[in-house]
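Below is one structure, written out as structure tokens; comments come after it.
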Amino acid sequence: MIASLLGLALASNLSFAEVSPNATKNAAVSVPARPDEPRAAKAYGVLETHCARCHQAGKLERPLPSGGLANILAIDDHARDPVLVKPGLPDASRLYDVFETRHAPLEIFTGPDAKPEPTPDDIQAVRRWIKDLAPAVQSCPSRQPVRPAAIDKLMREAQHLERDQGKDVRFVSLVHLYNSCATAAEMTAYGKALNKLMNSLSWAPEPVKLTPLDDAGTMFSFRLADYGWDDARWKLIEKAYPPALLHVVAPDVVKTADSPAVVVNGDWLAAAAGETPLYYALLGLPAKLADLGTMNGTDLDANIRAGSVRRIAIGESAVTRGNRLIERHPGKPAGLWLAYDFATSTGEQNVFEHPQGPKSAMKAKQPFRPDQIRALFALPNGFYAFALFDAAGNRVDRALPGIEKPYAGVEADAVEPVTKAGANCFACHTDGLVQAKDDFRAAGPVDIAAGPMTPDRRAALPLFGTDSENALLMLGGWDRYRAAAKSAGIDLDARVHGDELVTGLARRYREGADFEVALGETGLERPEFLKELADAKGAAAPLARRLLHGVLSRNELEHLFSLLKGTDAPVQTTASAGFLRDVKSEIGLTMWFDKPRPAPGDLVTIKAEADNECYLTVISVDGAGVATVLFPSDFQSDNLITAGEAVSIPPSDAPFQLRYKAEGSETILGRCSTSATPPVGIEHDFERQRFTVLGNWENFLQDTLVTDWEMRTNPEKAERARIARSGALRRQQDRGERIPAPRPDVASEKSLRDGRAILVLGRS
């Protein structure tokens with residue numbers, strides 16, 4: 001049920017898989033065991049019931065949604081993830097927020113395959129588990145951070161070992177992940193992910209292993225020539241690498257390499273080099289499909305005319321929900337596979353009625369008409385490469401609109417990321433080629449002499465092999481790929497938090513950062529970074545404040561780094577913080593304090609800004625657990641805020657002040673909605689209270705969860721509540737009390753989820 005939690009592409013991306021890709025994935029992945037601790041076990045049960053079918057590798061019943069979280073049952077992993085869980089503070093934890101808002105991917109609670117939504121007790125079980133977690137679960141006090149001087153020493157030694165080839169040596173760093181408390185198992189998996197990525201970008205004749213420079217796997221070296229690269233290839237990486245992430249490297253190391261970016265972060269490399277357009281550029285893939293055929297030593301149209309291709313027709317593709325045609329061409333080193341995608345299965349797009357084509361290769365009266373073509377081919381070292389082309393054979397970066405429909409029925413039009421060639425494909429093609437079963441031969445007669453047959457079917461039938469013939473074609477590819485991976489030290493069944501290796505490492509880059517993660521990326525000492533954030537001015541100040549008290553997206557973090565370094569805005573290598581959405585689906589709300597680190601007794605001002613006009617509610621939960629609505633109030637009763645304009649609480653001319661007491665931690669919760677109706681449970685009465693007091697926050701949440709549940713599941717009770725509310729308003733009017741006039745909801749072309757933001761004071 002976690003659709004937009006973390007940014008990542010579909011599990012079914014760029015897949016030729018038509019024999020249950022999720023079943024293949026499930027068979028190879030073990031599911032995390034239920035924990036023994038009672039509250040963790042109860043939370044596990046809730047996650048298993050409501051989330052595992054979409055978000056647990058080994059239990060998948062459907063493609064991963066755009067949130068892509070693939071290890072929802074790994075309770076211990078979540079406890080250590082500062083972006084997903086804030087130990088002891090469920091309100092600041094995205095995992096709880098998803099439950100509390102009942103945010104489901106697509107229409108999971110409706111339609112023919114509907115599932116029951118989480119009950120109030122389910123939601124409270126997740127809350128109690130997070131509340132019981134100790135902050136120490138996300139620390140690694142016994143680990144000594146790797147500092148820049150140590151990194152310089154490792155790189156210098158690696159260059160010296162290569163002697164006159166030192167200029168050809170480059171480095172990939174995982175130091176920041178190690179410094180941010182990645183476990184030994186995670187570091188091992190990240191290293192394997194880098195090996196898989198680099199070999200998937202290589203034109204070398206054999207697989208090559210990166211050279212680890214220390215036992216912890218924090219730094220790796222390689223020679224450009226090892227992967228068939230030259231200096232021009234590395235300059236593509238230099239150009240794409242965000243200036244905000246540039247390492248400060250010893251001058252002698254930079255001089256030897258003659259490169260300003262002699263070392264790059266491995267998670268960035270997985271995210272950027274594993275995705276178009278950099279993926280295409282590093283492989284040097286041609287812009288035309290015909291030229292890709294030439295690169296593989298084959299002529300695509302000539303092969304079709306000569307009958308030397310083998311085809312597999314799919315009646316209903318799991319990716320496009322229409323028919324699909326897979327085609328294998330002879331070529332070096334191991335053939336070239338194409339998949340013709342169709343937006344519909346009617347007319348000239350029905351490959352069963354029009355099996356001859358495409359138009360460029362056949363003289364049939366009505367050849368099939370594809371909308372796009374996907375390509376998969378083996379590199380010389382045995383790894384696979386991928387590409388996308390439009391119907392005219394022009395290379396494109398991402399799948400064309402309207403082609404992919406990974407969800408059926410009422411969910412068919414759900415907004416999901418668009419597939420990009422590269423690492424998006426690795427998740428489904430963990431074994432390279434994926435088994436596909438032909439439906440064409442079974443759809444009609446196969447013996448030309450046995451009975452009547454349409455001319456088109458008679459002409460096309462020789463191109464369609466039997467299931468055993470198709471399996472033999474794929475078997476060689478499977479064996480070759482597994483042998484290549486083994487040679488490079490890669491276990492193709494290994495996962496990073498449920499994800500395929502490269503996908504998992506790329507997610508680590510895209511998922512955003514709290515202070516500790518950001519500290520690991522800077523390489524600075526803690527006091528030095530704290531001072532830098534405290535001294536931030538101008539546009540950097542709000543971002544610095546938010547990082548000190550919350551979480552920044554990847555784009556926001558790199559923007560902050562750029563501002564602190566005085567460089568230009570960072571190069572954008574991904575389309576939003578990991579999400580490849582073309583449609584806005586949620587209000588963006590940000591909050592920050594006017595002071596970087598308020599001290600006890602300080603007066604503070606809360607700043608809030610949204611990217612869409614919306615009604616803002618800000619709640620403070622103090623150290624004693626008492627909740628009060630700070631905005632709106634009797635002093636600031638109009639809570640409709642304008643997009644892009646920051647609101648101050650209190651404003652400079654307000655007759656009240658906010659003072660930080662520092663008696664335990666204090667949490668500030670913001671919510672901005674297109675609905676003018678206040679959040680459930682909040683009823684303002686500024687005649688009696690200038691600030692609406694909600695009382696004990698835990699009790700308030702429990703009551704509102706139950707109330708909301710009953711109002712949605714019991715229409716009669718909801719109607720009685722509406723009548724009672726109307727009666728109460730009439731009585732207030734009869735007493736002459738001030739009744740605010742109803743306000744209209746904010747108009748929006750598309751329904752937008754409420755924007756939410758959290759700040760935490762008094763908690764490191």
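Residues in the structure tokens are numbered from 1 in each chain, the chains being A, B, ... in the order shown, and ligands are numbered from 1 in the order shown.
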
Per residue of region 224-321 of chain A within 9 Å of region 130-151 of chain A, record the nearest atom pair and its distance in Å to one decimal, counting only C-alpha atoms, with rows in chain order and ascending residue number, as JSON lines.
{"residue": "A:His247", "atom": "CA", "partner": "A:Pro148", "partner_atom": "CA", "distance": 8.5}
{"residue": "A:Val248", "atom": "CA", "partner": "A:Pro148", "partner_atom": "CA", "distance": 7.6}
{"residue": "A:Val249", "atom": "CA", "partner": "A:Pro148", "partner_atom": "CA", "distance": 7.6}
{"residue": "A:Ala250", "atom": "CA", "partner": "A:Ala149", "partner_atom": "CA", "distance": 8.3}

Take the residues just selected and output them with all heavy atoms as a PDB file, in the first residue's frame.
ATOM      1  N   HIS A 247      34.302  15.351  -4.937  1.00  0.00           N
ATOM      2  CA  HIS A 247      35.165  15.110  -3.787  1.00  0.00           C
ATOM      3  C   HIS A 247      36.344  16.082  -3.799  1.00  0.00           C
ATOM      4  O   HIS A 247      36.868  16.436  -4.863  1.00  0.00           O
ATOM      5  CB  HIS A 247      35.713  13.679  -3.827  1.00  0.00           C
ATOM      6  CG  HIS A 247      34.677  12.625  -3.588  1.00  0.00           C
ATOM      7  ND1 HIS A 247      34.636  11.861  -2.446  1.00  0.00           N
ATOM      8  CD2 HIS A 247      33.638  12.207  -4.344  1.00  0.00           C
ATOM      9  CE1 HIS A 247      33.622  11.020  -2.510  1.00  0.00           C
ATOM     10  NE2 HIS A 247      33.004  11.207  -3.660  1.00  0.00           N
ATOM     11  N   VAL A 248      36.752  16.502  -2.626  1.00  0.00           N
ATOM     12  CA  VAL A 248      37.984  17.270  -2.493  1.00  0.00           C
ATOM     13  C   VAL A 248      39.125  16.264  -2.430  1.00  0.00           C
ATOM     14  O   VAL A 248      39.263  15.513  -1.461  1.00  0.00           O
ATOM     15  CB  VAL A 248      37.970  18.148  -1.232  1.00  0.00           C
ATOM     16  CG1 VAL A 248      39.286  18.900  -1.097  1.00  0.00           C
ATOM     17  CG2 VAL A 248      36.794  19.120  -1.277  1.00  0.00           C
ATOM     18  N   VAL A 249      39.926  16.218  -3.489  1.00  0.00           N
ATOM     19  CA  VAL A 249      40.941  15.180  -3.657  1.00  0.00           C
ATOM     20  C   VAL A 249      42.325  15.824  -3.653  1.00  0.00           C
ATOM     21  O   VAL A 249      42.503  16.950  -4.131  1.00  0.00           O
ATOM     22  CB  VAL A 249      40.712  14.409  -4.979  1.00  0.00           C
ATOM     23  CG1 VAL A 249      41.774  13.336  -5.191  1.00  0.00           C
ATOM     24  CG2 VAL A 249      39.320  13.770  -4.978  1.00  0.00           C
ATOM     25  N   ALA A 250      43.298  15.111  -3.126  1.00  0.00           N
ATOM     26  CA  ALA A 250      44.669  15.611  -3.081  1.00  0.00           C
ATOM     27  C   ALA A 250      45.152  15.998  -4.477  1.00  0.00           C
ATOM     28  O   ALA A 250      44.901  15.266  -5.447  1.00  0.00           O
ATOM     29  CB  ALA A 250      45.592  14.545  -2.493  1.00  0.00           C
TER      30      ALA A 250
END

So which residues of region 234-451 of chain A fall under strand (DSSP E or B) by DSSP, listed as a PyMOL selection string? chain A and resi 263-265+275+288+310-314+324-329+336-341+372-378+384-390+394-396+398+420+422

Measuring between only C-alpha atoms, which one of A:Glu469, A:Glu404, A:Glu162, A:Asp97 shows the shortest distance to Ile758 (chain A)? A:Asp97

Taking 2 positions as the minimum chain separation for residues in the same chain, which residues sit within 9 Å of Ala216 (chain A) when counting only C-alpha atoms? Answer as a list in words.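 Close residues of Ala216 (chain A): Tyr178, Ala184, Met187, Thr188, Pro212, Leu213, Asp214, Thr218 and Met219 of chain A.
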
Tell me which protein, DNA and RNA residues are within 7 Å of Leu433 (chain A), counting only C-alpha atoms, leaving out same-chain ones fewer than 5 positions away, and put them as JSON, numbers by chain. {"A": [474, 477, 478]}

Near-Gly228 (chain A) list (12 Å; only C-alpha atoms; drop same-chain fewer than 4 positions) as a ChimeraX atom specification: /A:168,198-208,222-224,232-234,282-284,379-381

How would the residues just chosen look if you wrote them out with C-alpha atoms as a CSV table (one decimal), in the first residue's frame?
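What follows is the written file part_17.csv:
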chain,number,residue,atom,x,y,z
A,168,ASP,CA,43.9,5.4,-16.7
A,198,MET,CA,30.2,-1.7,-14.8
A,199,ASN,CA,30.1,-5.0,-16.7
A,200,SER,CA,26.7,-4.0,-18.1
A,201,LEU,CA,28.4,-0.9,-19.6
A,202,SER,CA,31.5,-2.7,-20.9
A,203,TRP,CA,32.7,-3.6,-24.4
A,204,ALA,CA,35.6,-5.7,-23.0
A,205,PRO,CA,35.7,-9.3,-24.2
A,206,GLU,CA,35.5,-10.8,-20.7
A,207,PRO,CA,33.9,-9.8,-17.4
A,208,VAL,CA,36.1,-7.7,-15.1
A,222,PHE,CA,39.5,0.2,-12.2
A,223,ARG,CA,41.3,1.1,-15.4
A,224,LEU,CA,39.2,2.6,-18.1
A,232,ALA,CA,36.1,10.4,-23.7
A,233,ARG,CA,33.8,7.9,-21.9
A,234,TRP,CA,34.9,9.1,-18.5
A,282,LEU,CA,28.4,5.2,-22.2
A,283,LEU,CA,27.5,2.2,-24.3
A,284,GLY,CA,27.7,4.2,-27.5
A,379,LEU,CA,27.6,-7.6,-24.8
A,380,PRO,CA,30.9,-9.3,-25.7
A,381,ASN,CA,31.5,-10.2,-22.0

May I have the residues within 10 Å of Ala494 (chain A) as an mmCIF file with all heavy atoms, in the first residue's frame, using only C-alpha atoms and disregarding those fewer than 2 positions away in the same chain?
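around_2.cif, written as the output of this step:
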data_model
loop_
_atom_site.group_PDB
_atom_site.id
_atom_site.type_symbol
_atom_site.label_atom_id
_atom_site.label_comp_id
_atom_site.auth_asym_id
_atom_site.auth_seq_id
_atom_site.Cartn_x
_atom_site.Cartn_y
_atom_site.Cartn_z
ATOM 1 N N ALA A 28 12.910 -16.918 -6.326
ATOM 2 C CA ALA A 28 14.334 -16.781 -6.032
ATOM 3 C C ALA A 28 14.628 -15.979 -4.776
ATOM 4 O O ALA A 28 15.772 -15.858 -4.375
ATOM 5 C CB ALA A 28 15.034 -16.121 -7.220
ATOM 6 N N VAL A 29 13.584 -15.414 -4.145
ATOM 7 C CA VAL A 29 13.809 -14.495 -3.041
ATOM 8 C C VAL A 29 13.200 -15.036 -1.758
ATOM 9 O O VAL A 29 12.053 -15.476 -1.739
ATOM 10 C CB VAL A 29 13.182 -13.112 -3.365
ATOM 11 C CG1 VAL A 29 13.402 -12.154 -2.215
ATOM 12 C CG2 VAL A 29 13.789 -12.553 -4.645
ATOM 13 N N ALA A 189 26.791 -6.125 -0.803
ATOM 14 C CA ALA A 189 25.810 -6.091 -1.891
ATOM 15 C C ALA A 189 26.040 -4.884 -2.800
ATOM 16 O O ALA A 189 25.929 -4.988 -4.026
ATOM 17 C CB ALA A 189 24.399 -6.065 -1.321
ATOM 18 N N LYS A 192 28.844 -5.612 -5.170
ATOM 19 C CA LYS A 192 28.416 -6.499 -6.259
ATOM 20 C C LYS A 192 27.563 -5.732 -7.266
ATOM 21 O O LYS A 192 27.626 -5.981 -8.482
ATOM 22 C CB LYS A 192 27.643 -7.690 -5.691
ATOM 23 C CG LYS A 192 28.502 -8.643 -4.852
ATOM 24 C CD LYS A 192 27.700 -9.816 -4.350
ATOM 25 C CE LYS A 192 28.527 -10.732 -3.455
ATOM 26 N NZ LYS A 192 29.682 -11.306 -4.149
ATOM 27 N N ALA A 193 26.758 -4.804 -6.763
ATOM 28 C CA ALA A 193 25.941 -3.983 -7.667
ATOM 29 C C ALA A 193 26.823 -3.171 -8.612
ATOM 30 O O ALA A 193 26.531 -3.047 -9.812
ATOM 31 C CB ALA A 193 25.046 -3.057 -6.855
ATOM 32 N N THR A 430 16.653 -10.367 -14.307
ATOM 33 C CA THR A 430 17.723 -10.807 -13.403
ATOM 34 C C THR A 430 18.500 -11.980 -13.977
ATOM 35 O O THR A 430 19.675 -12.162 -13.666
ATOM 36 C CB THR A 430 17.146 -11.195 -12.033
ATOM 37 O OG1 THR A 430 16.082 -12.128 -12.225
ATOM 38 C CG2 THR A 430 16.619 -9.971 -11.300
ATOM 39 N N ILE A 490 29.308 -12.011 -9.037
ATOM 40 C CA ILE A 490 27.945 -11.514 -8.824
ATOM 41 C C ILE A 490 26.986 -12.688 -8.676
ATOM 42 O O ILE A 490 26.951 -13.588 -9.518
ATOM 43 C CB ILE A 490 27.495 -10.638 -10.010
ATOM 44 C CG1 ILE A 490 28.452 -9.466 -10.201
ATOM 45 C CG2 ILE A 490 26.071 -10.132 -9.800
ATOM 46 C CD1 ILE A 490 28.316 -8.798 -11.549
ATOM 47 N N ASP A 491 26.202 -12.658 -7.621
ATOM 48 C CA ASP A 491 25.120 -13.617 -7.431
ATOM 49 C C ASP A 491 23.849 -12.966 -7.973
ATOM 50 O O ASP A 491 23.340 -12.006 -7.401
ATOM 51 C CB ASP A 491 24.959 -13.956 -5.946
ATOM 52 C CG ASP A 491 23.788 -14.891 -5.674
ATOM 53 O OD1 ASP A 491 23.143 -15.334 -6.636
ATOM 54 O OD2 ASP A 491 23.523 -15.160 -4.485
ATOM 55 N N LEU A 492 23.332 -13.469 -9.091
ATOM 56 C CA LEU A 492 22.179 -12.842 -9.724
ATOM 57 C C LEU A 492 20.912 -12.944 -8.892
ATOM 58 O O LEU A 492 19.944 -12.215 -9.131
ATOM 59 C CB LEU A 492 21.942 -13.465 -11.108
ATOM 60 C CG LEU A 492 23.032 -13.189 -12.145
ATOM 61 C CD1 LEU A 492 22.734 -13.929 -13.440
ATOM 62 C CD2 LEU A 492 23.166 -11.698 -12.408
ATOM 63 N N VAL A 496 19.231 -6.229 -2.669
ATOM 64 C CA VAL A 496 19.478 -5.157 -1.708
ATOM 65 C C VAL A 496 18.107 -4.708 -1.218
ATOM 66 O O VAL A 496 17.346 -4.086 -1.968
ATOM 67 C CB VAL A 496 20.224 -3.971 -2.348
ATOM 68 C CG1 VAL A 496 20.365 -2.840 -1.330
ATOM 69 C CG2 VAL A 496 21.586 -4.399 -2.838
ATOM 70 N N HIS A 497 17.765 -5.070 0.005
ATOM 71 C CA HIS A 497 16.452 -4.730 0.562
ATOM 72 C C HIS A 497 15.316 -5.138 -0.373
ATOM 73 O O HIS A 497 14.355 -4.398 -0.582
ATOM 74 C CB HIS A 497 16.373 -3.238 0.874
ATOM 75 C CG HIS A 497 17.426 -2.760 1.821
ATOM 76 N ND1 HIS A 497 17.711 -3.418 3.003
ATOM 77 C CD2 HIS A 497 18.289 -1.721 1.759
ATOM 78 C CE1 HIS A 497 18.692 -2.787 3.631
ATOM 79 N NE2 HIS A 497 19.065 -1.763 2.897
ATOM 80 N N GLY A 498 15.435 -6.336 -0.939
ATOM 81 C CA GLY A 498 14.395 -6.861 -1.809
ATOM 82 C C GLY A 498 14.537 -6.472 -3.259
ATOM 83 O O GLY A 498 13.878 -7.044 -4.124
ATOM 84 N N ASP A 499 15.382 -5.499 -3.557
ATOM 85 C CA ASP A 499 15.575 -5.040 -4.930
ATOM 86 C C ASP A 499 16.703 -5.789 -5.616
ATOM 87 O O ASP A 499 17.655 -6.246 -4.975
ATOM 88 C CB ASP A 499 15.951 -3.549 -4.947
ATOM 89 C CG ASP A 499 14.765 -2.645 -4.751
ATOM 90 O OD1 ASP A 499 13.706 -2.929 -5.330
ATOM 91 O OD2 ASP A 499 14.895 -1.649 -4.022
ATOM 92 N N GLU A 500 16.626 -5.854 -6.930
ATOM 93 C CA GLU A 500 17.780 -6.251 -7.740
ATOM 94 C C GLU A 500 18.945 -5.339 -7.371
ATOM 95 O O GLU A 500 18.747 -4.201 -6.958
ATOM 96 C CB GLU A 500 17.387 -6.136 -9.226
ATOM 97 C CG GLU A 500 18.502 -6.407 -10.203
ATOM 98 C CD GLU A 500 19.345 -5.179 -10.485
ATOM 99 O OE1 GLU A 500 18.809 -4.052 -10.413
ATOM 100 O OE2 GLU A 500 20.544 -5.349 -10.744
ATOM 101 N N LEU A 501 20.170 -5.828 -7.498
ATOM 102 C CA LEU A 501 21.340 -5.155 -6.938
ATOM 103 C C LEU A 501 21.504 -3.703 -7.396
ATOM 104 O O LEU A 501 21.629 -2.787 -6.563
ATOM 105 C CB LEU A 501 22.607 -5.955 -7.282
ATOM 106 C CG LEU A 501 22.751 -7.318 -6.604
ATOM 107 C CD1 LEU A 501 23.926 -8.090 -7.203
ATOM 108 C CD2 LEU A 501 22.930 -7.157 -5.097
#

Rounded to one decimal place, report the CA of Ala443 (chain A)-CA of Phe368 (chain A) distance in Å.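 A separation of 16.8 Å between them.
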
Got a sec: who's within 8 Å of region 678-681 of chain A, counting only C-alpha atoms, leaving out chain neighbours fewer than 4 positions off, as a ChimeraX atom specification? /A:617,700,703-704,708

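If you look at CA of Val264 (chain A) and CA of Leu376 (chain A), they are 28.0 Å away from each other.
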
Could you check which of A:Pro358, A:Gly432, A:Gly274, A:Gly670 is closest to Thr503 (chain A), using only C-alpha atoms? A:Gly274

Of the residues A:Ala306, A:Cys614, A:Ala339, A:Leu236, which is the one nearest to Asp371 (chain A), using only C-alpha atoms?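 Residue with the minimum atom-to-atom distance to Asp371 (chain A): A:Ala339.
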